[in-house]
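Reproduced below: model-v7.cif, with mmCIF, C-alpha atoms.
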```cif
data_start
#
loop_
_atom_site.label_atom_id
_atom_site.label_comp_id
_atom_site.auth_asym_id
_atom_site.auth_seq_id
_atom_site.Cartn_x
_atom_site.Cartn_y
_atom_site.Cartn_z
CA MET A 1 61.78 60.26 -30.27
CA LYS A 2 62.46 62.92 -32.90
CA SER A 3 58.82 64.06 -32.97
CA LYS A 4 58.75 64.28 -29.15
CA MET A 5 61.88 66.46 -29.14
CA THR A 6 60.36 68.66 -31.85
CA VAL A 7 57.24 69.30 -29.75
CA ARG A 8 59.34 70.14 -26.69
CA ARG A 9 61.54 72.45 -28.72
CA LEU A 10 58.55 74.24 -30.25
CA LEU A 11 56.93 74.74 -26.86
CA ALA A 12 60.17 76.06 -25.40
CA ILE A 13 60.63 78.50 -28.30
CA ALA A 14 57.01 79.66 -27.98
CA GLY A 15 57.52 80.28 -24.25
CA ILE A 16 60.72 82.26 -24.84
CA ILE A 17 59.07 84.38 -27.54
CA LEU A 18 56.12 85.12 -25.25
CA LEU A 19 58.39 86.24 -22.43
CA LEU A 20 60.53 88.37 -24.75
CA LEU A 21 57.46 90.11 -26.15
CA MET A 22 56.18 90.88 -22.67
CA TYR A 23 59.54 92.32 -21.58
CA ILE A 24 59.83 94.34 -24.79
CA LEU A 25 56.32 95.75 -24.32
CA ALA A 26 57.10 96.60 -20.70
CA PHE A 27 60.27 98.41 -21.85
CA VAL A 28 58.38 100.28 -24.57
CA PHE A 29 55.65 101.36 -22.19
CA ALA A 30 58.30 102.47 -19.71
CA MET A 31 60.00 104.57 -22.41
CA ILE A 32 56.76 106.40 -23.15
CA ASP A 33 56.07 106.74 -19.44
CA SER A 34 52.87 104.69 -19.63
CA PRO A 35 51.20 103.69 -16.36
CA GLN A 36 50.89 100.18 -17.82
CA ALA A 37 54.66 99.67 -17.77
CA ALA A 38 54.74 98.57 -14.12
CA VAL A 39 51.83 96.20 -14.64
CA LEU A 40 53.51 94.64 -17.68
CA PHE A 41 56.81 94.31 -15.86
CA ARG A 42 55.20 92.48 -12.93
CA ALA A 43 53.29 90.29 -15.37
CA SER A 44 56.54 89.49 -17.20
CA ILE A 45 58.21 88.40 -13.97
CA ALA A 46 55.20 86.27 -13.07
CA CYS A 47 55.23 84.62 -16.50
CA THR A 48 58.97 83.98 -16.23
CA ILE A 49 58.10 81.78 -13.26
CA LEU A 50 54.75 80.36 -14.42
CA VAL A 51 55.45 79.57 -18.11
CA PRO A 52 58.18 76.96 -17.41
CA ILE A 53 55.95 75.41 -14.74
CA PHE A 54 53.04 75.28 -17.17
CA LEU A 55 55.18 73.70 -19.88
CA TYR A 56 56.51 71.10 -17.46
CA VAL A 57 53.02 70.16 -16.25
CA PHE A 58 51.73 70.04 -19.84
CA LEU A 59 54.48 67.67 -20.94
CA MET A 60 54.00 65.44 -17.91
CA VAL A 61 50.25 65.19 -18.54
CA ALA A 62 50.83 64.53 -22.24
CA ARG A 63 53.27 61.77 -21.38
CA THR A 64 50.74 60.16 -19.03
CA VAL A 65 47.85 60.38 -21.46
CA ARG A 66 49.91 59.17 -24.41
CA PRO A 67 52.98 57.31 -23.15
CA SER A 68 55.77 56.89 -25.63
CA LYS A 69 56.90 53.58 -27.02
CA SER A 70 60.41 52.46 -27.77
CA PRO A 71 62.02 54.19 -30.78
CA LEU A 72 63.57 50.84 -31.77
CA ILE A 73 60.83 48.28 -31.10
CA ASP A 74 57.28 48.68 -32.38
CA THR A 75 55.98 45.09 -32.18
CA ILE A 76 55.81 42.41 -29.49
CA VAL A 77 54.95 38.81 -30.34
CA PHE A 78 53.81 36.39 -27.63
CA ASP A 79 53.76 32.66 -27.25
CA VAL A 80 50.68 31.71 -25.20
CA GLY A 81 51.31 28.61 -23.08
CA ASN A 82 53.28 29.49 -19.92
CA VAL A 83 53.65 33.10 -21.07
CA LEU A 84 50.07 34.44 -21.16
CA ILE A 85 48.26 31.29 -20.04
CA ASP A 86 49.33 28.93 -17.26
CA PHE A 87 49.77 25.45 -18.72
CA ASP A 88 52.01 23.65 -16.24
CA PHE A 89 51.80 20.22 -17.82
CA GLU A 90 54.51 18.73 -15.63
CA ARG A 91 52.95 19.95 -12.39
CA GLU A 92 49.63 18.33 -13.24
CA ILE A 93 51.17 15.02 -14.26
CA ARG A 94 53.44 14.77 -11.22
CA ALA A 95 50.45 15.44 -8.96
CA LYS A 96 49.13 12.04 -10.07
CA ASN A 97 52.16 10.31 -8.54
CA TYR A 98 52.59 8.01 -11.49
CA PRO A 99 55.52 5.57 -11.44
CA GLN A 100 58.65 6.70 -13.26
CA GLU A 101 57.94 4.56 -16.32
CA VAL A 102 54.72 6.51 -16.85
CA ASN A 103 56.38 9.87 -16.25
CA ASP A 104 58.94 8.92 -18.87
CA ILE A 105 56.14 8.84 -21.44
CA PHE A 106 55.22 12.46 -20.82
CA PHE A 107 58.55 14.10 -20.01
CA GLY A 108 61.16 14.23 -22.74
CA ASN A 109 59.65 11.41 -24.79
CA GLU A 110 60.23 12.34 -28.42
CA VAL A 111 57.47 10.03 -29.66
CA PHE A 112 54.92 11.65 -27.33
CA ASN A 113 56.15 15.13 -28.28
CA SER A 114 55.91 14.30 -32.00
CA LEU A 115 52.31 13.15 -31.59
CA TRP A 116 51.47 16.30 -29.64
CA ARG A 117 53.05 18.35 -32.42
CA GLU A 118 50.70 16.60 -34.86
CA TYR A 119 47.89 17.72 -32.57
CA ASP A 120 49.08 21.34 -32.88
CA LEU A 121 49.56 21.10 -36.65
CA GLY A 122 45.84 20.63 -37.13
CA ASN A 123 46.20 18.02 -39.86
CA LEU A 124 44.26 15.29 -38.03
CA SER A 125 40.91 15.09 -36.29
CA ASP A 126 40.65 14.76 -32.52
CA GLU A 127 39.56 11.16 -32.98
CA GLU A 128 42.56 10.29 -35.16
CA ILE A 129 44.97 11.94 -32.74
CA ARG A 130 43.50 9.99 -29.83
CA ARG A 131 43.71 6.74 -31.77
CA ARG A 132 47.39 7.32 -32.56
CA PHE A 133 48.25 8.15 -28.95
CA LEU A 134 46.53 5.05 -27.60
CA GLU A 135 48.02 2.78 -30.26
CA THR A 136 51.49 4.15 -29.58
CA PHE A 137 51.27 3.57 -25.82
CA PRO A 138 49.04 0.46 -25.53
CA ASP A 139 50.30 -0.41 -22.03
CA HIS A 140 49.33 2.97 -20.62
CA THR A 141 46.03 3.85 -22.27
CA GLU A 142 44.49 4.93 -18.96
CA GLU A 143 47.23 7.46 -18.20
CA VAL A 144 47.36 8.77 -21.77
CA SER A 145 43.58 9.09 -21.84
CA PHE A 146 43.72 11.06 -18.59
CA VAL A 147 46.06 13.59 -20.22
CA LEU A 148 44.03 13.87 -23.42
CA ASP A 149 40.79 14.27 -21.48
CA ASN A 150 42.02 16.76 -18.91
CA ALA A 151 44.80 18.86 -20.46
CA GLU A 152 42.35 21.57 -21.52
CA SER A 153 41.24 22.06 -17.92
CA TRP A 154 44.80 22.99 -16.96
CA LEU A 155 44.65 26.19 -19.03
CA HIS A 156 44.17 29.37 -16.99
CA ILE A 157 45.08 32.92 -17.93
CA PHE A 158 47.79 34.34 -15.66
CA PRO A 159 46.66 37.11 -13.23
CA TYR A 160 49.18 39.54 -14.76
CA THR A 161 48.31 38.97 -18.43
CA MET A 162 45.55 41.50 -19.05
CA ASP A 163 47.25 44.40 -17.25
CA TRP A 164 50.52 43.65 -19.02
CA LEU A 165 48.93 43.70 -22.47
CA ALA A 166 46.77 46.73 -21.69
CA SER A 167 49.83 48.73 -20.64
CA LEU A 168 51.80 47.80 -23.75
CA LYS A 169 48.81 48.57 -25.96
CA GLN A 170 48.38 51.98 -24.31
CA ARG A 171 51.94 52.80 -25.30
CA GLY A 172 51.20 52.09 -28.92
CA TYR A 173 52.89 48.73 -29.45
CA ARG A 174 51.56 46.27 -32.01
CA LEU A 175 50.82 42.97 -30.27
CA TYR A 176 50.60 39.52 -31.85
CA VAL A 177 50.29 35.85 -30.90
CA LEU A 178 52.46 33.10 -32.37
CA SER A 179 51.62 29.83 -30.67
CA ASN A 180 51.62 26.08 -31.16
CA TRP A 181 47.99 25.37 -30.36
CA SER A 182 45.44 22.75 -31.33
CA ASP A 183 41.95 23.45 -32.59
CA HIS A 184 40.52 21.54 -29.63
CA MET A 185 42.47 23.60 -27.10
CA TYR A 186 41.55 26.85 -28.81
CA ARG A 187 37.85 26.04 -28.78
CA HIS A 188 38.18 25.35 -25.06
CA ILE A 189 39.84 28.64 -24.08
CA GLU A 190 37.37 30.51 -26.28
CA SER A 191 34.37 28.86 -24.59
CA THR A 192 35.72 29.44 -21.06
CA GLY A 193 36.86 33.04 -21.56
CA GLU A 194 40.53 32.17 -21.08
CA SER A 195 41.16 33.66 -24.54
CA ALA A 196 40.23 37.18 -23.34
CA PHE A 197 43.81 38.33 -23.97
CA THR A 198 43.19 38.14 -27.74
CA ALA A 199 41.18 41.37 -27.44
CA TYR A 200 44.50 43.22 -27.17
CA MET A 201 46.07 41.48 -30.16
CA ASP A 202 46.46 43.01 -33.60
CA GLY A 203 46.61 39.49 -35.01
CA CYS A 204 47.11 35.83 -34.06
CA LEU A 205 48.88 33.00 -35.81
CA TRP A 206 47.75 29.70 -34.31
CA SER A 207 49.66 26.67 -35.56
CA TYR A 208 46.58 24.55 -36.22
CA GLN A 209 45.17 27.14 -38.65
CA HIS A 210 48.28 27.23 -40.85
CA HIS A 211 49.62 23.69 -40.34
CA LEU A 212 52.98 24.97 -39.17
CA THR A 213 54.58 24.72 -35.74
CA LYS A 214 57.51 26.32 -33.98
CA PRO A 215 60.46 26.00 -34.32
CA ASP A 216 59.95 25.54 -38.08
CA PRO A 217 61.51 28.68 -39.66
CA ALA A 218 58.55 28.89 -42.02
CA ILE A 219 56.16 29.84 -39.23
CA TYR A 220 58.18 32.94 -38.32
CA ARG A 221 58.32 34.01 -41.95
CA LYS A 222 54.59 33.42 -42.21
CA LEU A 223 53.99 35.64 -39.20
CA ALA A 224 56.14 38.45 -40.61
CA SER A 225 54.51 38.34 -44.03
CA MET A 226 50.92 38.02 -42.73
CA PHE A 227 51.13 41.04 -40.47
CA ASN A 228 53.84 43.10 -42.18
CA ILE A 229 56.21 42.76 -39.23
CA ASP A 230 59.81 43.88 -39.44
CA PRO A 231 61.63 41.26 -37.29
CA LYS A 232 64.37 43.76 -36.43
CA ARG A 233 61.75 46.00 -34.80
CA ALA A 234 59.93 43.13 -33.06
CA VAL A 235 60.48 41.14 -29.86
CA PHE A 236 59.35 37.53 -29.71
CA ILE A 237 58.66 36.09 -26.23
CA ASP A 238 58.47 32.31 -25.72
CA ASP A 239 59.19 29.98 -22.81
CA MET A 240 60.95 27.42 -25.05
CA LYS A 241 64.58 28.19 -25.85
CA GLU A 242 64.46 26.22 -29.11
CA ASN A 243 61.63 28.47 -30.29
CA THR A 244 63.37 31.74 -29.44
CA ALA A 245 66.60 30.44 -31.01
CA ALA A 246 64.75 29.72 -34.26
CA ALA A 247 63.10 33.16 -34.19
CA ALA A 248 66.48 34.82 -33.65
CA LYS A 249 67.78 33.15 -36.81
CA GLU A 250 64.91 34.81 -38.67
CA GLY A 251 65.99 38.22 -37.41
CA PHE A 252 63.68 38.66 -34.41
CA ASN A 253 64.80 40.08 -31.09
CA THR A 254 63.94 37.37 -28.59
CA ILE A 255 63.31 36.75 -24.90
CA THR A 256 63.11 33.29 -23.40
CA PHE A 257 60.38 33.73 -20.80
CA LYS A 258 61.21 32.77 -17.21
CA ASP A 259 58.90 35.04 -15.26
CA LEU A 260 57.27 38.43 -15.63
CA GLU A 261 59.92 40.47 -13.80
CA ASP A 262 62.79 38.92 -15.73
CA THR A 263 60.95 39.66 -18.98
CA ARG A 264 60.22 43.23 -17.86
CA GLN A 265 63.94 43.86 -17.33
CA LYS A 266 64.87 42.34 -20.68
CA LEU A 267 62.26 44.41 -22.47
CA ARG A 268 63.61 47.52 -20.78
CA SER A 269 67.06 46.67 -22.14
CA VAL A 270 65.67 47.18 -25.68
CA GLY A 271 63.70 50.29 -24.71
CA VAL A 272 60.29 48.73 -24.04
CA LYS A 273 58.58 49.92 -20.85
CA TRP A 274 55.14 49.50 -19.37
#
```
As C-alpha cells, what does this structure read like?
Amino acid sequence: MKSKMTVRRLLAIAGIILLLLMYILAFVFAMIDSPQAAVLFRASIACTILVPIFLYVFLMVARTVRPSKSPLIDTIVFDVGNVLIDFDFEREIRAKNYPQEVNDIFFGNEVFNSLWREYDLGNLSDEEIRRRFLETFPDHTEEVSFVLDNAESWLHIFPYTMDWLASLKQRGYRLYVLSNWSDHMYRHIESTGESAFTAYMDGCLWSYQHHLTKPDPAIYRKLASMFNIDPKRAVFIDDMKENTAAAAKEGFNTITFKDLEDTRQKLRSVGVKW
C-alpha cells in the first residue's frame, strides 16, 4: 500500500511541476513579448486538462495489468477435498440406498474415520489398508469394498477452481495446499488431470508424504516451516471446522469453506480480492 501511494504521489508531483513550468514559460515569453507566449498559454491550458486524465488512465491500466494484493495477507492455503475438488462422499453413498445400518458405518463412525485417517497418513500399503477395513467390518465387506474401489472416481475438480486460483495468483498471492490425502488418491488425480490446480501452487503438503494429518497441530507447523509462511499473514481454507479451529490455534487466519461466494466475502473482510 505504501509503495502504491508513493508512485501516485510522485506522478502527481511530476504533473504539477510540468504544468507550473509551462505556465512560467508562458509568462516569461509574454513578458518579453514573444509570439510563442500565446501558443504556450494554450498548451498549458490543454495540459491542465489532459495531464490529470493521462495520470488517471495510466493508474487504471497499471492496476489492471498488476492488481494489488492485500497489505495484510500474502498467503492463502487450501484444503483440497470439497474446496478445490468435489468429493461428496455422502452423496455417493446415499445414492446406493443402503440400509441405515450400512450408512452408519460410513457416516460418523469413528472406527471407519480412524482407518481412513491411516489411509491418509501413508504409513500402510493399499493392500494392508484394505485388509484392515474388511477385517473391521466383516459383515459388510461388499459395501466397504465398493467404497474402497470407487472413491477415487468421485473426485472431480470444481468448475470454479482454476479461475479462482489464476485470479489470486495474478494478484501476487502465494498459494499452497495442505490436505489429508492418500498416495492412492493422489496418483489417481494426477493420472486423470484432476490435479491441474497444483500448477498454481507455490508448494503442497500432502499428508501421506509427511505422515501427518489435520487437525494435528504438527502439520500446520510443518507447513509454516517448510514454506516460510507467517501464519498471521496467511489464510487457511478448509471445509472441516475441526481443521480450521486447529489452524487458528497455530496463528492462522481461517475460513471454514461453505461455498465460493461465502468464502469470497470472508476473504474480502481481510482485504483479499479477486
Practice item. Can you pull out every residue within 10 Å of A:Tyr160, counting only C-alpha atoms, but drop anything in the same chain fewer than 5 positions away, and send it as JSON, numbers by chain? Key: {"A": [84, 85, 165, 260]}
Review point. Suppose you want the space between atom CA of A:Thr192 and atom CA of A:Val83; what is it in Å?
Key: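 Computing the Euclidean distance for atom CA of A:Thr192 and atom CA of A:Val83 yields 18.3 Å.
Of note, atom CA of A:Ala245 and atom CA of A:Ile157 are spaced 25.3 Å apart.
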Practice item. Between atom CA of A:Glu110 and atom CA of A:Glu250, measure the distance and give it in Å to one decimal. Key: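 A separation of 25.1 Å between them.
Counting only C-alpha atoms, the residue from A:Phe252, A:Trp274, A:Phe107, A:Phe78 that sits nearest to A:Asp163 is A:Trp274.
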Exercise for review: Fewer than 4 positions away in the same chain doesn't count, so skip those; otherwise give me all residues within 12 Å of A:Phe236, counting only C-alpha atoms, as a ChimeraX atom specification.
Suggested key: /A:73-80,83,174-179,220,223-224,229-232,240-241,243-257,263,266-267
Could you write out that same residue set with C-alpha atoms as an mmCIF file, in the frame of the given file?
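Dumped everything to selection_30.cif:
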```cif
data_model
loop_
_atom_site.group_PDB
_atom_site.id
_atom_site.type_symbol
_atom_site.label_atom_id
_atom_site.label_comp_id
_atom_site.auth_asym_id
_atom_site.auth_seq_id
_atom_site.Cartn_x
_atom_site.Cartn_y
_atom_site.Cartn_z
ATOM 1 C CA ILE A 73 60.830 48.280 -31.100
ATOM 2 C CA ASP A 74 57.280 48.680 -32.380
ATOM 3 C CA THR A 75 55.980 45.090 -32.180
ATOM 4 C CA ILE A 76 55.810 42.410 -29.490
ATOM 5 C CA VAL A 77 54.950 38.810 -30.340
ATOM 6 C CA PHE A 78 53.810 36.390 -27.630
ATOM 7 C CA ASP A 79 53.760 32.660 -27.250
ATOM 8 C CA VAL A 80 50.680 31.710 -25.200
ATOM 9 C CA VAL A 83 53.650 33.100 -21.070
ATOM 10 C CA ARG A 174 51.560 46.270 -32.010
ATOM 11 C CA LEU A 175 50.820 42.970 -30.270
ATOM 12 C CA TYR A 176 50.600 39.520 -31.850
ATOM 13 C CA VAL A 177 50.290 35.850 -30.900
ATOM 14 C CA LEU A 178 52.460 33.100 -32.370
ATOM 15 C CA SER A 179 51.620 29.830 -30.670
ATOM 16 C CA TYR A 220 58.180 32.940 -38.320
ATOM 17 C CA LEU A 223 53.990 35.640 -39.200
ATOM 18 C CA ALA A 224 56.140 38.450 -40.610
ATOM 19 C CA ILE A 229 56.210 42.760 -39.230
ATOM 20 C CA ASP A 230 59.810 43.880 -39.440
ATOM 21 C CA PRO A 231 61.630 41.260 -37.290
ATOM 22 C CA LYS A 232 64.370 43.760 -36.430
ATOM 23 C CA MET A 240 60.950 27.420 -25.050
ATOM 24 C CA LYS A 241 64.580 28.190 -25.850
ATOM 25 C CA ASN A 243 61.630 28.470 -30.290
ATOM 26 C CA THR A 244 63.370 31.740 -29.440
ATOM 27 C CA ALA A 245 66.600 30.440 -31.010
ATOM 28 C CA ALA A 246 64.750 29.720 -34.260
ATOM 29 C CA ALA A 247 63.100 33.160 -34.190
ATOM 30 C CA ALA A 248 66.480 34.820 -33.650
ATOM 31 C CA LYS A 249 67.780 33.150 -36.810
ATOM 32 C CA GLU A 250 64.910 34.810 -38.670
ATOM 33 C CA GLY A 251 65.990 38.220 -37.410
ATOM 34 C CA PHE A 252 63.680 38.660 -34.410
ATOM 35 C CA ASN A 253 64.800 40.080 -31.090
ATOM 36 C CA THR A 254 63.940 37.370 -28.590
ATOM 37 C CA ILE A 255 63.310 36.750 -24.900
ATOM 38 C CA THR A 256 63.110 33.290 -23.400
ATOM 39 C CA PHE A 257 60.380 33.730 -20.800
ATOM 40 C CA THR A 263 60.950 39.660 -18.980
ATOM 41 C CA LYS A 266 64.870 42.340 -20.680
ATOM 42 C CA LEU A 267 62.260 44.410 -22.470
#
```
Set out as CSV a contact list for stretch 162-218 of chain A and stretch 122-133 of chain A with a cut-off of 12 Å, giving each residue of stretch 162-218 of chain A that qualifies its closest atom pair and distance in Å to one decimal, counting all atoms listed in the file, ordered by chain and rising residue number.
```
residue,atom,partner,partner_atom,distance
A:Asn180,CA,A:Gly122,CA,9.9
A:Trp181,CA,A:Gly122,CA,8.5
A:Ser182,CA,A:Gly122,CA,6.2
A:Asp183,CA,A:Gly122,CA,6.6
A:His184,CA,A:Asp126,CA,7.4
A:Met185,CA,A:Asp126,CA,10.5
A:Tyr186,CA,A:Gly122,CA,11.2
A:Trp206,CA,A:Gly122,CA,9.7
A:Ser207,CA,A:Gly122,CA,7.3
A:Tyr208,CA,A:Gly122,CA,4.1
A:Gln209,CA,A:Gly122,CA,6.7
A:His210,CA,A:Gly122,CA,8.0
A:His211,CA,A:Gly122,CA,5.8
A:Leu212,CA,A:Gly122,CA,8.6
A:Thr213,CA,A:Gly122,CA,9.7
```
Exercise for review: Determine the residue set returned by the PyMOL selection byres ((chain A and resi 105) around 12) for the present structure, and present it as a PyMOL selection string.
Suggested key: chain A and resi 90+93+98-104+106-115+133+136-141+143-144+147
Practice item. Please write the residues picked by the PyMOL selection byres ((chain A and resi 272) around 12) on this file as a ChimeraX atom specification. Key: /A:67-76,167-169,171-173,233-235,263-271,273-274
